[in-house]
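Down below is the structure, laid out as structure tokens.
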Amino acid sequence: MARIRVRIARVPSVLALSLSTALVLAVTGCGADQAESDAGTSGKKNDDAPVVVATTSWEGAFAKAAGAKDVKVIVPSSAQHAPDYDPRPSDLTAVAGADFVLYAPFEPYAEKIKEAAGSDAKLVEVDLDNDADKVSAEVRRLGKLFGTGDAAARWDSSFKSEYGTLQKELKEAWPGGRAPAVVAQVFSVWSAKLAGAQVSGTYGPEAVTAKQLSDLSRKKPAYVFDNVHMTTGEVLPDSGAKQVEIVNYPGRDLDLLTVYKNAAETIEKAMTA
């Protein structure tokens, strides 16, 4: 220790300052490493936004709403029925470089995605449902995971405001000023809730049986809110119910709010035609 003190004492003042600075930086670096380690639960790497890989544009839109900026989507938004997509080797390579991998349990390629993710990526199961309350909860949950909670909260506030506006506009378009009775595909019930409609019955995702068709027809709904991604054609033919095709998946822009705006526009056109 004595030798070390003698040598430092003979170092020119400028160099001594450099050594002191280096020591401070080294200590700070240790703190930064610890902070990065602590931030591991939020997916942050070197203070950059997390890299998120989503199986479809639906999960991708949830991630974007939650504040993620680097979002890669595996299934093309042009795919009519996303679960039918077969991931390519290049898709699985993208998964390996992610901080977070978002998927839905009902997707048949979920196991492939899990295997490709490796040990570094955090697998996140997403509850894919456009029900407004579930969306708010899921976006805020993802924001907490990503370390982008503030951005998620801002989006949620804007979403709730816009959702309320759409609900009001649709209520004003009710035929005869009364909430219409509808039958909805299970993944389109959220759109009936948006419209303030009375859900008389639901069907799917399995094929509709003859008995179900008979039972639903007897309820005499004014509208059928179908799911365009799983449609099998006219659901209640000869019932007099007007069929409305609802889109659940966002487009390439991963704008989740646009899904609600488009649904509201489609429903309003059907009610005022």
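Every chain in the structure tokens has a letter given in the order shown (A, B, ...), and although residue numbers restart at 1 in each chain, ligands are simply numbered from 1 in the order shown.
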Find the residues near His229 of chain A: any atom within 12 Å, counting only C-alpha atoms, skip ones fewer than 6 places away on the same chain, and give them as a VMD selection string. chain A and resid 77 to 84 185 187 to 188 204 to 205 245 to 250
Skip segment 85-90 of chain A itself and residues of its chain fewer than 4 positions away, then list as a CSV table (one decimal) with N, CA and C atoms, in the first residue's frame all residues within 10 Å of it, counting only C-alpha atoms.
chain,number,residue,atom,x,y,z
A,55,THR,N,-46.5,-12.1,-32.3
A,55,THR,CA,-46.9,-13.0,-33.3
A,55,THR,C,-47.8,-12.4,-34.4
A,56,THR,N,-48.7,-11.5,-34.0
A,56,THR,CA,-49.6,-10.9,-35.0
A,56,THR,C,-49.7,-9.4,-34.7
A,74,ILE,N,-44.7,-11.0,-36.7
A,74,ILE,CA,-44.4,-12.2,-37.5
A,74,ILE,C,-45.4,-12.5,-38.6
A,75,VAL,N,-46.7,-12.5,-38.2
A,75,VAL,CA,-47.7,-12.8,-39.2
A,75,VAL,C,-48.1,-11.6,-39.9
A,76,PRO,N,-48.1,-11.6,-41.3
A,76,PRO,CA,-48.4,-10.4,-42.0
A,76,PRO,C,-49.9,-10.0,-41.7
A,79,ALA,N,-52.9,-11.4,-43.7
A,79,ALA,CA,-53.3,-12.8,-43.5
A,79,ALA,C,-54.8,-12.7,-43.0
A,80,GLN,N,-55.7,-13.4,-43.7
A,80,GLN,CA,-57.1,-13.4,-43.4
A,80,GLN,C,-57.3,-14.1,-42.0
A,81,HIS,N,-56.7,-15.2,-41.8
A,81,HIS,CA,-56.9,-15.9,-40.5
A,81,HIS,C,-55.5,-16.2,-39.9
A,94,ALA,N,-35.9,-13.9,-35.9
A,94,ALA,CA,-36.3,-12.6,-35.3
A,94,ALA,C,-36.7,-12.7,-33.8
A,95,VAL,N,-37.4,-13.8,-33.5
A,95,VAL,CA,-37.8,-14.1,-32.2
A,95,VAL,C,-36.6,-14.2,-31.2
A,107,GLU,N,-53.0,-19.7,-30.4
A,107,GLU,CA,-52.3,-19.7,-31.7
A,107,GLU,C,-51.5,-21.0,-31.8
A,108,PRO,N,-51.8,-21.8,-32.9
A,108,PRO,CA,-51.2,-23.1,-33.0
A,108,PRO,C,-49.6,-23.1,-33.1
A,109,TYR,N,-49.1,-22.0,-33.4
A,109,TYR,CA,-47.6,-21.9,-33.5
A,109,TYR,C,-47.0,-21.4,-32.3
A,112,LYS,N,-43.8,-23.3,-31.1
A,112,LYS,CA,-42.6,-23.0,-32.0
A,112,LYS,C,-42.0,-21.7,-31.5
A,113,ILE,N,-42.9,-20.7,-31.2
A,113,ILE,CA,-42.4,-19.4,-30.8
A,113,ILE,C,-41.7,-19.5,-29.5
A,116,ALA,N,-38.2,-21.0,-30.0
A,116,ALA,CA,-37.3,-20.1,-30.7
A,116,ALA,C,-36.8,-18.9,-29.8
May I ask for the distance between atom CA of Glu169 of chain A and atom CA of Ala197 of chain A, given in Å to one decimal place? 13.0 Å
Between atom CA of Ala132 of chain A and atom CA of Lys193 of chain A, distance in Å (one decimal):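 Taking atom CA of Ala132 of chain A and atom CA of Lys193 of chain A, their separation equals 8.8 Å.
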Could you produce a table of the residues of segment 66-118 of chain A lying within 12 Å of segment 154-163 of chain A, with the nearest pair of atoms per residue and their separation in Å rounded to one decimal, using only C-alpha atoms, ordered by chain and increasing residue number, as a tab-separated table?
residue	atom	partner	partner_atom	distance
A:Ala66	CA	A:Trp155	CA	7.3
A:Gly67	CA	A:Trp155	CA	8.2
A:Ala68	CA	A:Trp155	CA	11.6
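Excluding Leu170 of chain A itself and same-chain residues fewer than 3 positions from it, the residues having an atom within 7 Å of it are Leu166, Gln167, Ala173, Trp174, Ala195, Ala264 and Glu268 of chain A, counting only C-alpha atoms.
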Dump as a JSON list (two decimals), in the first residue's frame, selection limited to C-alpha atoms:
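Result file again31.json:
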[["chain", "number", "residue", "atom", "x", "y", "z"],
["A", 166, "LEU", "CA", -67.68, 6.59, -30.19],
["A", 167, "GLN", "CA", -70.23, 5.12, -27.78],
["A", 173, "ALA", "CA", -77.63, 6.31, -34.30],
["A", 174, "TRP", "CA", -79.81, 3.65, -32.62],
["A", 195, "ALA", "CA", -72.55, 0.03, -29.76],
["A", 264, "ALA", "CA", -68.04, 2.16, -35.03],
["A", 268, "GLU", "CA", -73.30, 3.13, -37.70]]
Write out as a CSV table (one decimal) with N, CA, C and O atoms, in the first residue's frame the residues lying within 9 Å of Lys69 of chain A, counting only C-alpha atoms and excluding same-chain residues fewer than 4 positions away.
chain,number,residue,atom,x,y,z
A,49,ALA,N,-35.3,1.4,-25.7
A,49,ALA,CA,-36.6,0.7,-25.6
A,49,ALA,C,-36.4,-0.7,-25.8
A,49,ALA,O,-35.6,-1.2,-26.6
A,50,PRO,N,-37.3,-1.6,-25.2
A,50,PRO,CA,-37.2,-3.0,-25.4
A,50,PRO,C,-37.5,-3.4,-26.9
A,50,PRO,O,-38.3,-2.8,-27.5
A,51,VAL,N,-36.9,-4.5,-27.3
A,51,VAL,CA,-37.3,-5.0,-28.6
A,51,VAL,C,-38.4,-6.0,-28.4
A,51,VAL,O,-38.2,-7.0,-27.6
A,52,VAL,N,-39.5,-5.8,-29.0
A,52,VAL,CA,-40.7,-6.7,-28.9
A,52,VAL,C,-41.0,-7.4,-30.2
A,52,VAL,O,-41.1,-6.7,-31.2
A,63,ALA,N,-48.7,-3.9,-27.8
A,63,ALA,CA,-47.3,-3.5,-27.4
A,63,ALA,C,-47.1,-2.1,-27.7
A,63,ALA,O,-46.5,-1.3,-26.9
A,64,LYS,N,-47.5,-1.6,-28.9
A,64,LYS,CA,-47.3,-0.2,-29.3
A,64,LYS,C,-48.1,0.7,-28.4
A,64,LYS,O,-47.6,1.8,-27.9
List the neighbours of Val189 of chain A out to 9 Å using only C-alpha atoms; skip same-chain residues closer than 4 positions along the sequence, and give me the result as a list in words. Asn130, Asp131, Val183, Ala184, Gln185, Lys193, Leu194, Val199, Thr202 and Phe225 of chain A
Store the residues picked out above, limited to N, CA and C atoms, as a CSV table (one decimal), in the first residue's frame.
chain,number,residue,atom,x,y,z
A,130,ASN,N,-60.7,-7.4,-27.5
A,130,ASN,CA,-60.9,-5.9,-27.7
A,130,ASN,C,-61.9,-5.3,-26.8
A,131,ASP,N,-62.4,-6.1,-25.8
A,131,ASP,CA,-63.2,-5.5,-24.8
A,131,ASP,C,-62.5,-4.3,-24.1
A,183,VAL,N,-76.9,-10.6,-32.3
A,183,VAL,CA,-76.3,-11.9,-32.1
A,183,VAL,C,-74.8,-11.6,-32.5
A,184,ALA,N,-73.9,-12.0,-31.7
A,184,ALA,CA,-72.5,-11.7,-32.0
A,184,ALA,C,-71.6,-12.9,-31.9
A,185,GLN,N,-70.6,-13.0,-32.8
A,185,GLN,CA,-69.6,-14.0,-32.7
A,185,GLN,C,-68.8,-13.7,-31.5
A,193,LYS,N,-70.8,-4.3,-27.4
A,193,LYS,CA,-70.7,-3.5,-26.2
A,193,LYS,C,-70.4,-2.0,-26.5
A,194,LEU,N,-69.5,-1.8,-27.5
A,194,LEU,CA,-69.2,-0.5,-28.0
A,194,LEU,C,-70.5,0.2,-28.5
A,199,VAL,N,-77.1,-7.9,-26.4
A,199,VAL,CA,-76.6,-9.2,-27.0
A,199,VAL,C,-77.6,-10.3,-26.6
A,202,THR,N,-74.7,-15.6,-28.6
A,202,THR,CA,-73.4,-15.6,-29.2
A,202,THR,C,-73.2,-16.9,-30.0
A,225,PHE,N,-73.4,-9.5,-35.5
A,225,PHE,CA,-72.0,-8.9,-35.6
A,225,PHE,C,-71.0,-10.1,-35.8
DSSP helix (DSSP H, G or I) residues within segment 149-244 of chain A, as an MDAnalysis selection string: chainID A and resid 149:172 175:177 186:195 210:218
Could the residues in this selection be saved with C-alpha atoms as a PDB file, in the first residue's frame?
ATOM      1  CA  GLY A 149     -45.811   2.728 -17.753  1.00  0.00           C
ATOM      2  CA  ASP A 150     -46.205   6.474 -18.313  1.00  0.00           C
ATOM      3  CA  ALA A 151     -46.676   6.033 -22.055  1.00  0.00           C
ATOM      4  CA  ALA A 152     -49.190   3.242 -21.464  1.00  0.00           C
ATOM      5  CA  ALA A 153     -51.151   5.425 -19.046  1.00  0.00           C
ATOM      6  CA  ARG A 154     -51.268   8.293 -21.552  1.00  0.00           C
ATOM      7  CA  TRP A 155     -52.515   5.982 -24.286  1.00  0.00           C
ATOM      8  CA  ASP A 156     -55.144   4.499 -21.997  1.00  0.00           C
ATOM      9  CA  SER A 157     -56.428   7.945 -21.050  1.00  0.00           C
ATOM     10  CA  SER A 158     -56.726   8.929 -24.714  1.00  0.00           C
ATOM     11  CA  PHE A 159     -58.345   5.591 -25.543  1.00  0.00           C
ATOM     12  CA  LYS A 160     -61.023   5.925 -22.882  1.00  0.00           C
ATOM     13  CA  SER A 161     -61.870   9.427 -24.050  1.00  0.00           C
ATOM     14  CA  GLU A 162     -62.183   8.343 -27.697  1.00  0.00           C
ATOM     15  CA  TYR A 163     -64.118   5.212 -26.742  1.00  0.00           C
ATOM     16  CA  GLY A 164     -66.651   7.323 -24.853  1.00  0.00           C
ATOM     17  CA  THR A 165     -67.084   9.565 -27.888  1.00  0.00           C
ATOM     18  CA  LEU A 166     -67.678   6.590 -30.188  1.00  0.00           C
ATOM     19  CA  GLN A 167     -70.227   5.120 -27.776  1.00  0.00           C
ATOM     20  CA  LYS A 168     -72.128   8.388 -27.691  1.00  0.00           C
ATOM     21  CA  GLU A 169     -72.196   8.670 -31.490  1.00  0.00           C
ATOM     22  CA  LEU A 170     -73.447   5.101 -31.868  1.00  0.00           C
ATOM     23  CA  LYS A 171     -76.156   5.617 -29.268  1.00  0.00           C
ATOM     24  CA  GLU A 172     -77.399   8.597 -31.242  1.00  0.00           C
ATOM     25  CA  PRO A 175     -82.790   2.868 -34.851  1.00  0.00           C
ATOM     26  CA  GLY A 176     -85.881   4.360 -33.227  1.00  0.00           C
ATOM     27  CA  GLY A 177     -83.746   5.550 -30.326  1.00  0.00           C
ATOM     28  CA  VAL A 186     -67.711 -14.526 -29.459  1.00  0.00           C
ATOM     29  CA  PHE A 187     -64.703 -12.468 -30.592  1.00  0.00           C
ATOM     30  CA  SER A 188     -66.977  -9.642 -31.758  1.00  0.00           C
ATOM     31  CA  VAL A 189     -68.966  -9.169 -28.546  1.00  0.00           C
ATOM     32  CA  TRP A 190     -66.751  -6.183 -27.747  1.00  0.00           C
ATOM     33  CA  SER A 191     -68.192  -4.336 -30.747  1.00  0.00           C
ATOM     34  CA  ALA A 192     -71.744  -4.929 -29.495  1.00  0.00           C
ATOM     35  CA  LYS A 193     -70.700  -3.465 -26.163  1.00  0.00           C
ATOM     36  CA  LEU A 194     -69.220  -0.473 -27.995  1.00  0.00           C
ATOM     37  CA  ALA A 195     -72.553   0.034 -29.763  1.00  0.00           C
ATOM     38  CA  ALA A 210     -78.291 -26.391 -36.919  1.00  0.00           C
ATOM     39  CA  LYS A 211     -79.791 -26.227 -33.429  1.00  0.00           C
ATOM     40  CA  GLN A 212     -77.762 -23.117 -32.585  1.00  0.00           C
ATOM     41  CA  LEU A 213     -78.940 -21.452 -35.777  1.00  0.00           C
ATOM     42  CA  SER A 214     -82.523 -22.256 -34.909  1.00  0.00           C
ATOM     43  CA  ASP A 215     -82.157 -20.979 -31.352  1.00  0.00           C
ATOM     44  CA  LEU A 216     -80.454 -17.757 -32.444  1.00  0.00           C
ATOM     45  CA  SER A 217     -83.018 -17.087 -35.151  1.00  0.00           C
ATOM     46  CA  ARG A 218     -85.859 -17.394 -32.633  1.00  0.00           C
TER      47      ARG A 218
END
